[in-house]
>>> print(open('entry.tsv').read())   # TSV, C-alpha atoms and all ligand atoms
chain	number	residue	atom	x	y	z
V	140	MET	CA	91.11	81.71	107.86
V	141	ARG	CA	87.53	82.09	106.60
V	142	LYS	CA	87.58	81.26	102.91
V	143	LEU	CA	86.36	83.59	100.18
V	144	ILE	CA	84.68	82.11	97.14
V	145	ALA	CA	84.05	84.66	94.40
V	146	GLY	CA	82.20	84.11	91.14
V	147	ASN	CA	83.16	86.20	88.12
V	148	TRP	CA	80.37	86.14	85.59
V	149	LYS	CA	82.51	88.10	83.09
V	150	MET	CA	80.37	89.32	80.12
V	151	ASN	CA	77.58	86.88	80.83
V	152	GLY	CA	74.15	87.37	82.34
V	153	LEU	CA	70.83	89.01	81.56
V	154	ALA	CA	68.05	89.96	83.97
V	155	SER	CA	66.83	86.37	83.83
V	156	SER	CA	70.19	85.24	85.28
V	157	LEU	CA	69.29	86.84	88.62
V	158	ALA	CA	67.36	83.64	89.26
V	159	GLU	CA	70.78	82.01	89.81
V	160	ILE	CA	71.38	84.38	92.72
V	161	GLU	CA	68.02	83.47	94.20
V	162	ALA	CA	68.91	79.79	93.79
V	163	LEU	CA	72.35	80.32	95.31
V	164	LYS	CA	70.79	81.91	98.39
V	165	GLY	CA	68.64	78.84	98.84
V	166	LEU	CA	71.50	76.41	98.29
V	167	THR	CA	74.10	78.04	100.52
V	168	GLY	CA	72.09	79.19	103.55
V	169	LYS	CA	74.49	80.02	106.36
V	170	ALA	CA	77.71	79.10	104.54
V	171	ALA	CA	80.88	79.01	106.60
V	172	CYS	CA	82.75	81.06	104.01
V	173	ASP	CA	82.30	84.42	102.30
V	174	ILE	CA	80.44	84.21	98.99
V	175	VAL	CA	80.76	86.95	96.38
V	176	VAL	CA	79.08	87.10	92.98
V	177	CYS	CA	80.40	89.60	90.43
V	178	PRO	CA	77.86	90.00	87.63
V	179	PRO	CA	78.22	92.54	84.79
V	180	PHE	CA	77.62	96.20	85.72
V	181	THR	CA	74.04	96.08	84.37
V	182	LEU	CA	72.95	93.54	86.98
V	183	ILE	CA	74.74	94.84	90.08
V	184	GLU	CA	71.92	96.89	91.54
V	185	ASN	CA	69.29	94.20	91.10
V	186	ALA	CA	71.68	91.47	92.24
V	187	ALA	CA	72.41	93.47	95.41
V	188	LYS	CA	68.67	93.92	96.06
V	189	ARG	CA	68.05	90.20	95.58
V	190	SER	CA	70.92	89.17	97.84
V	191	LYS	CA	70.05	91.57	100.66
V	192	ASP	CA	69.91	89.84	104.05
V	193	SER	CA	71.61	86.75	102.66
V	194	THR	CA	75.16	85.38	102.73
V	195	VAL	CA	75.67	86.36	99.08
V	196	ILE	CA	77.68	89.56	98.61
V	197	VAL	CA	77.72	91.39	95.27
V	198	GLY	CA	80.88	92.63	93.58
V	199	ALA	CA	81.93	94.20	90.29
V	200	GLN	CA	84.53	93.29	87.68
V	201	ASP	CA	86.34	96.62	87.26
V	202	CYS	CA	86.26	100.31	88.18
V	203	HIS	CA	87.87	103.51	86.91
V	204	PRO	CA	90.63	105.19	88.97
V	205	GLU	CA	88.83	108.54	88.94
V	206	ALA	CA	85.72	109.39	90.94
V	207	SER	CA	83.80	111.16	88.15
V	208	GLY	CA	84.29	113.12	84.97
V	209	ALA	CA	84.38	112.93	81.17
V	210	ARG	CA	85.06	109.19	80.90
V	211	THR	CA	82.52	107.80	78.46
V	212	GLY	CA	81.56	104.24	79.22
V	213	ASP	CA	83.52	104.00	82.47
V	214	ILE	CA	82.20	103.29	85.96
V	215	SER	CA	83.68	104.70	89.16
V	216	ALA	CA	84.16	102.90	92.45
V	217	GLY	CA	81.65	105.23	94.10
V	218	MET	CA	79.04	104.28	91.50
V	219	LEU	CA	79.60	100.61	92.31
V	220	VAL	CA	79.07	101.24	96.00
V	221	ASP	CA	75.98	103.28	95.18
V	222	ALA	CA	74.61	100.31	93.19
V	223	GLY	CA	75.20	97.95	96.11
V	224	ALA	CA	78.60	96.38	95.33
V	225	ARG	CA	81.02	95.64	98.15
V	226	PHE	CA	83.84	93.99	96.22
V	227	VAL	CA	85.58	94.68	92.93
V	228	ILE	CA	87.85	92.45	90.84
V	229	LEU	CA	90.84	94.39	89.48
V	230	GLY	CA	93.60	93.53	87.03
V	231	HIS	CA	92.01	90.39	85.64
V	232	SER	CA	94.28	89.00	82.89
V	233	GLU	CA	91.50	89.51	80.35
V	234	ARG	CA	91.53	93.24	81.13
V	235	ARG	CA	95.32	93.37	81.28
V	236	ALA	CA	95.37	91.82	77.79
V	237	SER	CA	92.46	93.50	76.02
V	238	HIS	CA	92.44	96.89	77.80
V	239	ASN	CA	96.21	97.23	78.19
V	240	GLU	CA	95.96	97.48	81.97
V	241	THR	CA	99.38	97.81	83.56
V	242	ASP	CA	100.26	97.15	87.19
V	243	ALA	CA	100.27	100.93	87.78
V	244	ILE	CA	96.74	101.26	86.39
V	245	VAL	CA	95.55	98.37	88.54
V	246	ALA	CA	97.11	99.99	91.61
V	247	SER	CA	95.42	103.33	90.85
V	248	LYS	CA	92.07	101.57	90.49
V	249	ALA	CA	92.67	99.83	93.81
V	250	VAL	CA	93.32	103.17	95.53
V	251	ALA	CA	90.00	104.48	94.20
V	252	ALA	CA	88.19	101.30	95.24
V	253	HIS	CA	89.61	101.37	98.78
V	254	LYS	CA	88.74	105.06	99.11
V	255	ALA	CA	85.15	104.23	98.15
V	256	GLY	CA	85.03	101.42	100.71
V	257	LEU	CA	85.25	98.46	98.34
V	258	THR	CA	87.25	95.31	98.99
V	259	THR	CA	89.51	94.56	96.03
V	260	ILE	CA	90.34	91.19	94.51
V	261	ILE	CA	93.60	91.88	92.70
V	262	CYS	CA	94.42	89.33	89.99
V	263	ILE	CA	97.90	88.21	89.03
V	264	GLY	CA	99.21	85.25	87.06
V	265	GLU	CA	101.72	84.09	84.49
V	266	THR	CA	101.24	83.02	80.86
V	267	ARG	CA	102.10	79.52	79.63
V	268	ASP	CA	105.33	80.79	78.03
V	269	GLU	CA	106.37	82.51	81.25
V	270	ARG	CA	105.80	79.32	83.23
V	271	ASP	CA	107.64	77.22	80.65
V	272	ASP	CA	110.57	79.65	80.90
V	273	GLY	CA	110.67	79.17	84.70
V	274	LYS	CA	109.53	82.75	85.31
V	275	ALA	CA	106.16	82.18	87.04
V	276	ILE	CA	107.28	83.27	90.52
V	277	ASP	CA	109.11	86.35	89.21
V	278	VAL	CA	106.19	87.43	87.01
V	279	VAL	CA	103.63	86.97	89.78
V	280	GLY	CA	105.91	88.78	92.26
V	281	GLY	CA	106.37	91.73	89.94
V	282	GLN	CA	102.63	92.01	89.30
V	283	LEU	CA	101.87	91.79	93.01
V	284	ARG	CA	104.37	94.47	94.01
V	285	GLY	CA	103.23	96.77	91.19
V	286	SER	CA	99.47	96.28	91.56
V	287	MET	CA	99.10	96.52	95.34
V	288	PRO	CA	98.69	100.13	96.52
V	289	ALA	CA	99.79	101.61	99.85
V	290	SER	CA	96.12	101.59	100.93
V	291	ALA	CA	96.03	97.75	100.84
V	292	ALA	CA	95.47	95.70	104.00
V	293	SER	CA	93.96	92.32	104.82
V	294	SER	CA	90.67	94.07	105.62
V	295	ASN	CA	90.23	95.51	102.11
V	296	MET	CA	92.12	93.24	99.71
V	297	ALA	CA	92.37	89.65	98.53
V	298	ILE	CA	94.80	88.40	95.92
V	299	ALA	CA	93.71	86.01	93.16
V	300	TYR	CA	96.45	83.89	91.59
V	301	GLU	CA	95.15	82.98	88.14
V	302	PRO	CA	97.59	81.37	85.73
V	303	VAL	CA	96.48	82.77	82.35
V	304	TRP	CA	96.84	79.33	80.73
V	305	ALA	CA	94.41	77.79	83.23
V	306	ILE	CA	91.57	80.25	82.63
V	307	GLY	CA	88.67	78.64	80.78
V	308	THR	CA	90.87	75.83	79.44
V	309	GLY	CA	90.21	72.97	81.84
V	310	LEU	CA	93.95	72.94	82.61
V	311	VAL	CA	94.90	73.30	86.27
V	312	PRO	CA	98.38	73.50	87.81
V	313	THR	CA	99.37	70.66	90.11
V	314	ILE	CA	98.71	71.17	93.81
V	315	GLU	CA	102.49	71.51	94.29
V	316	GLU	CA	102.64	74.27	91.66
V	317	ILE	CA	99.72	76.10	93.27
V	318	GLU	CA	101.33	75.81	96.72
V	319	GLU	CA	104.67	77.06	95.42
V	320	VAL	CA	103.15	80.23	93.95
V	321	HIS	CA	100.78	80.86	96.85
V	322	SER	CA	103.59	80.49	99.35
V	323	SER	CA	105.71	83.01	97.42
V	324	ILE	CA	102.73	85.41	97.38
V	325	ARG	CA	102.33	84.96	101.14
V	326	GLN	CA	106.00	85.76	101.65
V	327	MET	CA	105.74	88.93	99.56
V	328	LEU	CA	102.59	89.99	101.41
V	329	GLU	CA	104.38	89.60	104.73
V	330	GLU	CA	107.37	91.57	103.45
V	331	ARG	CA	105.04	94.38	102.43
V	332	LEU	CA	102.41	94.30	105.18
V	333	GLY	CA	104.20	92.62	108.09
V	334	ASP	CA	101.97	90.44	110.28
V	335	ASP	CA	98.88	91.68	108.43
V	336	GLY	CA	100.22	89.93	105.32
V	337	ARG	CA	99.41	86.59	106.99
V	338	LEU	CA	95.72	87.54	107.03
V	339	VAL	CA	95.31	88.48	103.35
V	340	ARG	CA	93.24	85.87	101.55
V	341	ILE	CA	94.99	84.35	98.54
V	342	LEU	CA	92.50	82.86	96.08
V	343	TYR	CA	93.26	80.40	93.31
V	344	GLY	CA	91.51	80.90	89.95
V	345	GLY	CA	91.56	78.98	86.67
V	346	SER	CA	89.26	76.08	85.75
V	347	VAL	CA	88.01	75.55	89.31
V	348	LYS	CA	85.11	73.08	89.18
V	349	ALA	CA	83.06	71.15	91.70
V	350	SER	CA	85.23	68.13	90.86
V	351	ASN	CA	88.61	69.70	91.73
V	352	ALA	CA	87.67	72.33	94.32
V	353	ALA	CA	88.15	70.25	97.47
V	354	ALA	CA	91.72	69.25	96.55
V	355	ILE	CA	92.60	72.84	95.69
V	356	PHE	CA	91.12	74.14	98.96
V	357	ARG	CA	93.23	71.69	100.97
V	358	ALA	CA	96.43	73.19	99.53
V	359	ALA	CA	98.58	75.39	101.78
V	360	ASN	CA	97.90	79.13	101.54
V	361	VAL	CA	94.80	78.65	99.40
V	362	ASP	CA	92.15	80.78	101.10
V	363	GLY	CA	89.43	80.52	98.49
V	364	ALA	CA	88.80	80.71	94.76
V	365	LEU	CA	87.92	83.06	91.95
V	366	VAL	CA	85.60	81.04	89.74
V	367	GLY	CA	84.56	81.91	86.19
V	368	GLY	CA	82.47	79.49	84.14
V	369	ALA	CA	81.48	77.28	87.06
V	370	SER	CA	79.97	80.26	88.91
V	371	LEU	CA	77.28	80.87	86.30
V	372	LYS	CA	75.00	78.10	87.48
V	373	ALA	CA	74.03	78.18	91.15
V	374	ALA	CA	74.06	74.40	91.53
V	375	GLU	CA	77.72	73.95	90.55
V	376	PHE	CA	78.86	77.13	92.31
V	377	ALA	CA	77.14	75.92	95.50
V	378	GLU	CA	79.06	72.64	95.29
V	379	ILE	CA	82.34	74.59	95.12
V	380	ILE	CA	81.20	76.65	98.08
V	381	SER	CA	80.42	73.57	100.12
V	382	ALA	CA	83.86	72.15	99.30
V	383	ALA	CA	85.32	75.29	100.89
V	384	ALA	CA	83.07	75.24	103.92
V	401	LIG	O1	87.88	85.14	87.05
V	401	LIG	C1	87.82	83.94	86.86
V	401	LIG	C2	88.84	83.25	86.13
V	401	LIG	O2	89.21	83.91	84.96
V	401	LIG	C3	88.67	81.78	85.98
V	401	LIG	O3	87.78	81.47	84.95
V	401	LIG	P1	87.36	79.92	84.74
V	401	LIG	O4	86.94	79.43	86.10
V	401	LIG	O5	86.25	79.96	83.76
V	401	LIG	O6	88.59	79.21	84.27
>>> encode(input="entry.tsv", output="structure tokens")
Amino acid sequence: MRKLIAGNWKMNGLASSLAEIEALKGLTGKAACDIVVCPPFTLIENAAKRSKDSTVIVGAQDCHPEASGARTGDISAGMLVDAGARFVILGHSERRASHNETDAIVASKAVAAHKAGLTTIICIGETRDERDDGKAIDVVGGQLRGSMPASAASSNMAIAYEPVWAIGTGLVPTIEEIEEVHSSIRQMLEERLGDDGRLVRILYGGSVKASNAAAIFRAANVDGALVGGASLKAAEFAEIISAAA
């Protein structure tokens, strides 16, 4: 399966950061994997213009379930497409925690995104306490079932498994732990989507760096990565991309 490497800039990046996209274009050339960069909303349009005719695809970090209306401060899926985005990250644990996003809200956002023509990266993952209590597979399974809408297919959705305790901490699950969760996700995708479930890309996210990327990409059912901090600088992100290619 062609791998998908997505960078989530989170709330980082000013106009000057677009130089990283220019640099990434130069460093990755004709990469043998799909490369997505998700800058903050304010940079999407210019990032899309800069990455035109390159292998770098631009995505967003959230969208609202509704198409338009009295929703101060929110951004619709159609607006993202209009600005040049082709992907959107949904249900990131930071949004689940600080914006009270439930699985049902994530699913409704995914419906809107699919309707607008965006490919969704739906994030799921357990907390440290949930893992320590032996509940990681159940938690991830519940989030997956609740967050994936009926409109989902391998052509418009990837899943990102991001253990909350691994995000920005430098802690990474063992390869065996990653494989165990990814294989349970694959099984659930096949139960829900039949044969098409085999084609959905399952990304790993949480402290992915140039130094650990190759080992993670060799793991079974790991079809790419969702990268936070290490996606901010083109040089390190490009090293992760070459580990995937
Ligand atoms: O969306 C990306 C993840 O939250 C991972 O972030 P990180 O690579 O900085 O740990």
>>> closest_atom_pairs(input="entry.tsv", of="chain V", to="ligand LIG 401 (chain V)", cutoff="9 Å", atoms="all atoms listed in the file", output="JSON lines")
{"residue": "V:Ala145", "atom": "CA", "partner": "V:LIG401", "partner_atom": "O1", "distance": 8.3}
{"residue": "V:Gly146", "atom": "CA", "partner": "V:LIG401", "partner_atom": "C1", "distance": 7.1}
{"residue": "V:Asn147", "atom": "CA", "partner": "V:LIG401", "partner_atom": "O1", "distance": 5.0}
{"residue": "V:Trp148", "atom": "CA", "partner": "V:LIG401", "partner_atom": "O1", "distance": 7.7}
{"residue": "V:Lys149", "atom": "CA", "partner": "V:LIG401", "partner_atom": "O1", "distance": 7.3}
{"residue": "V:Gln200", "atom": "CA", "partner": "V:LIG401", "partner_atom": "O1", "distance": 8.8}
{"residue": "V:Ile228", "atom": "CA", "partner": "V:LIG401", "partner_atom": "O1", "distance": 8.2}
{"residue": "V:His231", "atom": "CA", "partner": "V:LIG401", "partner_atom": "O1", "distance": 6.8}
{"residue": "V:Ser232", "atom": "CA", "partner": "V:LIG401", "partner_atom": "O2", "distance": 7.5}
{"residue": "V:Glu233", "atom": "CA", "partner": "V:LIG401", "partner_atom": "O2", "distance": 7.6}
{"residue": "V:Cys262", "atom": "CA", "partner": "V:LIG401", "partner_atom": "O1", "distance": 8.3}
{"residue": "V:Ala299", "atom": "CA", "partner": "V:LIG401", "partner_atom": "O1", "distance": 8.5}
{"residue": "V:Glu301", "atom": "CA", "partner": "V:LIG401", "partner_atom": "C2", "distance": 6.6}
{"residue": "V:Pro302", "atom": "CA", "partner": "V:LIG401", "partner_atom": "O2", "distance": 8.8}
{"residue": "V:Val303", "atom": "CA", "partner": "V:LIG401", "partner_atom": "O2", "distance": 7.8}
{"residue": "V:Trp304", "atom": "CA", "partner": "V:LIG401", "partner_atom": "O6", "distance": 9.0}
{"residue": "V:Ala305", "atom": "CA", "partner": "V:LIG401", "partner_atom": "O6", "distance": 6.1}
{"residue": "V:Ile306", "atom": "CA", "partner": "V:LIG401", "partner_atom": "O6", "distance": 3.6}
{"residue": "V:Gly307", "atom": "CA", "partner": "V:LIG401", "partner_atom": "O6", "distance": 3.5}
{"residue": "V:Thr308", "atom": "CA", "partner": "V:LIG401", "partner_atom": "O6", "distance": 6.3}
{"residue": "V:Gly309", "atom": "CA", "partner": "V:LIG401", "partner_atom": "O6", "distance": 6.9}
{"residue": "V:Leu310", "atom": "CA", "partner": "V:LIG401", "partner_atom": "O6", "distance": 8.4}
{"residue": "V:Val311", "atom": "CA", "partner": "V:LIG401", "partner_atom": "O6", "distance": 8.9}
{"residue": "V:Tyr343", "atom": "CA", "partner": "V:LIG401", "partner_atom": "C3", "distance": 8.8}
{"residue": "V:Gly344", "atom": "CA", "partner": "V:LIG401", "partner_atom": "C3", "distance": 5.0}
{"residue": "V:Gly345", "atom": "CA", "partner": "V:LIG401", "partner_atom": "O6", "distance": 3.8}
{"residue": "V:Ser346", "atom": "CA", "partner": "V:LIG401", "partner_atom": "O6", "distance": 3.5}
{"residue": "V:Val347", "atom": "CA", "partner": "V:LIG401", "partner_atom": "O4", "distance": 5.1}
{"residue": "V:Lys348", "atom": "CA", "partner": "V:LIG401", "partner_atom": "O4", "distance": 7.3}
{"residue": "V:Ala364", "atom": "CA", "partner": "V:LIG401", "partner_atom": "C1", "distance": 8.6}
{"residue": "V:Leu365", "atom": "CA", "partner": "V:LIG401", "partner_atom": "C1", "distance": 5.2}
{"residue": "V:Val366", "atom": "CA", "partner": "V:LIG401", "partner_atom": "O4", "distance": 4.2}
{"residue": "V:Gly367", "atom": "CA", "partner": "V:LIG401", "partner_atom": "O4", "distance": 3.4}
{"residue": "V:Gly368", "atom": "CA", "partner": "V:LIG401", "partner_atom": "O5", "distance": 3.8}
{"residue": "V:Ala369", "atom": "CA", "partner": "V:LIG401", "partner_atom": "O4", "distance": 5.9}
{"residue": "V:Ser370", "atom": "CA", "partner": "V:LIG401", "partner_atom": "O4", "distance": 7.6}
>>> atom_distance(input="entry.tsv", atom1="atom CA of V:Ile276", atom2="atom CA of V:Met296")
20.3 Å
>>> atom_distance(input="entry.tsv", atom1="atom CA of V:Asn151", atom2="atom CA of V:Ala243")
27.6 Å
>>> closest_atom_pairs(input="entry.tsv", of="stretch 229-274 of chain V", to="stretch 320-339 of chain V", cutoff="12 Å", atoms="all atoms listed in the file", output="Markdown table")
| residue | atom | partner | partner_atom | distance |
| --- | --- | --- | --- | --- |
| V:Thr258 | CA | V:Val339 | CA | 11.4 |
| V:Thr259 | CA | V:Val339 | CA | 11.1 |
| V:Ile260 | CA | V:Val339 | CA | 10.5 |
| V:Ile261 | CA | V:Val339 | CA | 11.3 |
| V:Cys262 | CA | V:Ile324 | CA | 11.8 |
| V:Ile263 | CA | V:Ile324 | CA | 10.0 |
| V:Gly264 | CA | V:Val320 | CA | 9.4 |
| V:Glu265 | CA | V:Val320 | CA | 10.3 |
| V:Arg270 | CA | V:Val320 | CA | 11.1 |
| V:Gly273 | CA | V:Val320 | CA | 12.0 |
| V:Lys274 | CA | V:Val320 | CA | 11.0 |
>>> write_last_selection(input="entry.tsv", atoms="C-alpha atoms", output="mmCIF file, in the frame of the given file")
data_model
loop_
_atom_site.group_PDB
_atom_site.id
_atom_site.type_symbol
_atom_site.label_atom_id
_atom_site.label_comp_id
_atom_site.auth_asym_id
_atom_site.auth_seq_id
_atom_site.Cartn_x
_atom_site.Cartn_y
_atom_site.Cartn_z
ATOM 1 C CA THR V 258 87.250 95.310 98.990
ATOM 2 C CA THR V 259 89.510 94.560 96.030
ATOM 3 C CA ILE V 260 90.340 91.190 94.510
ATOM 4 C CA ILE V 261 93.600 91.880 92.700
ATOM 5 C CA CYS V 262 94.420 89.330 89.990
ATOM 6 C CA ILE V 263 97.900 88.210 89.030
ATOM 7 C CA GLY V 264 99.210 85.250 87.060
ATOM 8 C CA GLU V 265 101.720 84.090 84.490
ATOM 9 C CA ARG V 270 105.800 79.320 83.230
ATOM 10 C CA GLY V 273 110.670 79.170 84.700
ATOM 11 C CA LYS V 274 109.530 82.750 85.310
#
>>> atom_distance(input="entry.tsv", atom1="atom CA of V:Ala154", atom2="atom CA of V:His253")
28.5 Å
>>> closest_residue(input="entry.tsv", among="V:Gly280, V:Ser207, V:Ile314, V:Asp201", to="V:Arg235", atoms="all atoms listed in the file")
V:Asp201
>>> residues_around(input="entry.tsv", residues="stretch 163-168 of chain V", least_positions_apart="6", cutoff="9 Å", atoms="all atoms listed in the file", output="PyMOL selection string")
chain V and resi 174+190+193-195+372-374+376-378+380-381
>>> closest_residue(input="entry.tsv", among="V:Tyr300, V:Ile244, V:Met218, V:Pro178", to="V:Glu316", atoms="only C-alpha atoms")
V:Tyr300
>>> closest_residue(input="entry.tsv", among="V:Asn295, V:Ser290, V:Thr266, V:Thr211", to="V:Val227", atoms="only C-alpha atoms")
V:Asn295
>>> closest_residue(input="entry.tsv", among="V:Ile183, V:Ala292, V:Ala246, V:Cys202", to="V:Arg340", atoms="only C-alpha atoms")
V:Ala292
>>> closest_residue(input="entry.tsv", among="V:Glu205, V:Asp173, V:Asp277, V:Glu318", to="V:Ala249", atoms="all atoms listed in the file")
V:Glu205
>>> closest_residue(input="entry.tsv", among="V:Ile341, V:Leu157, V:Ala251, V:Val197", to="V:Ala359", atoms="all atoms listed in the file")
V:Ile341
>>> decode(input="entry.tsv", residues="stretch 162-190 of chain V", atoms="N, CA and C atoms", output="short mmCIF file (atom, residue, chain, number, x, y, z; two decimals), in the first residue's frame")
data_model
loop_
_atom_site.label_atom_id
_atom_site.label_comp_id
_atom_site.auth_asym_id
_atom_site.auth_seq_id
_atom_site.Cartn_x
_atom_site.Cartn_y
_atom_site.Cartn_z
N ALA V 162 10.90 24.28 0.96
CA ALA V 162 12.05 23.41 1.19
C ALA V 162 11.65 21.94 1.06
N LEU V 163 10.47 21.61 1.57
CA LEU V 163 10.00 20.22 1.51
C LEU V 163 9.84 19.77 0.07
N LYS V 164 9.31 20.67 -0.76
CA LYS V 164 9.16 20.34 -2.19
C LYS V 164 10.51 19.96 -2.78
N GLY V 165 11.51 20.75 -2.46
CA GLY V 165 12.84 20.51 -2.99
C GLY V 165 13.45 19.22 -2.46
N LEU V 166 13.15 18.89 -1.21
CA LEU V 166 13.77 17.72 -0.59
C LEU V 166 13.10 16.41 -0.95
N THR V 167 11.81 16.48 -1.31
CA THR V 167 11.09 15.22 -1.52
C THR V 167 10.90 14.86 -2.99
N GLY V 168 10.94 15.81 -3.87
CA GLY V 168 10.84 15.53 -5.30
C GLY V 168 9.69 14.62 -5.64
N LYS V 169 10.02 13.49 -6.29
CA LYS V 169 8.94 12.55 -6.65
C LYS V 169 8.88 11.45 -5.59
N ALA V 170 8.42 11.76 -4.42
CA ALA V 170 8.39 10.77 -3.32
C ALA V 170 7.46 9.62 -3.66
N ALA V 171 7.82 8.44 -3.18
CA ALA V 171 7.00 7.26 -3.45
C ALA V 171 5.94 7.06 -2.39
N CYS V 172 5.54 8.16 -1.74
CA CYS V 172 4.43 8.07 -0.78
C CYS V 172 3.65 9.38 -0.86
N ASP V 173 2.46 9.40 -0.28
CA ASP V 173 1.67 10.63 -0.28
C ASP V 173 2.11 11.51 0.89
N ILE V 174 2.32 12.79 0.60
CA ILE V 174 2.80 13.73 1.62
C ILE V 174 1.73 14.80 1.83
N VAL V 175 1.32 14.95 3.07
CA VAL V 175 0.30 15.96 3.39
C VAL V 175 0.86 16.87 4.48
N VAL V 176 0.65 18.16 4.32
CA VAL V 176 1.03 19.11 5.37
C VAL V 176 -0.24 19.84 5.81
N CYS V 177 -0.51 19.84 7.11
CA CYS V 177 -1.71 20.48 7.65
C CYS V 177 -1.30 21.68 8.50
N PRO V 178 -1.20 22.85 7.89
CA PRO V 178 -0.84 24.05 8.65
C PRO V 178 -2.09 24.61 9.32
N PRO V 179 -1.96 25.66 10.14
CA PRO V 179 -3.17 26.30 10.68
C PRO V 179 -4.01 26.90 9.54
N PHE V 180 -5.28 27.15 9.84
CA PHE V 180 -6.21 27.67 8.81
C PHE V 180 -5.63 28.86 8.05
N THR V 181 -4.94 29.76 8.80
CA THR V 181 -4.48 31.03 8.20
C THR V 181 -3.49 30.82 7.06
N LEU V 182 -2.86 29.66 7.02
CA LEU V 182 -1.81 29.44 6.00
C LEU V 182 -2.26 28.51 4.86
N ILE V 183 -3.48 27.97 4.98
CA ILE V 183 -3.88 26.94 4.01
C ILE V 183 -3.83 27.44 2.57
N GLU V 184 -4.43 28.59 2.33
CA GLU V 184 -4.52 29.05 0.95
C GLU V 184 -3.13 29.27 0.34
N ASN V 185 -2.27 29.95 1.10
CA ASN V 185 -0.93 30.20 0.57
C ASN V 185 -0.09 28.93 0.48
N ALA V 186 -0.31 28.02 1.44
CA ALA V 186 0.42 26.73 1.39
C ALA V 186 -0.01 25.96 0.14
N ALA V 187 -1.30 25.99 -0.16
CA ALA V 187 -1.81 25.26 -1.34
C ALA V 187 -1.24 25.88 -2.62
N LYS V 188 -1.15 27.21 -2.65
CA LYS V 188 -0.57 27.87 -3.84
C LYS V 188 0.89 27.47 -4.01
N ARG V 189 1.61 27.47 -2.89
CA ARG V 189 3.05 27.14 -2.96
C ARG V 189 3.29 25.69 -3.34
N SER V 190 2.36 24.81 -2.96
CA SER V 190 2.62 23.38 -3.20
C SER V 190 2.01 22.89 -4.51
#
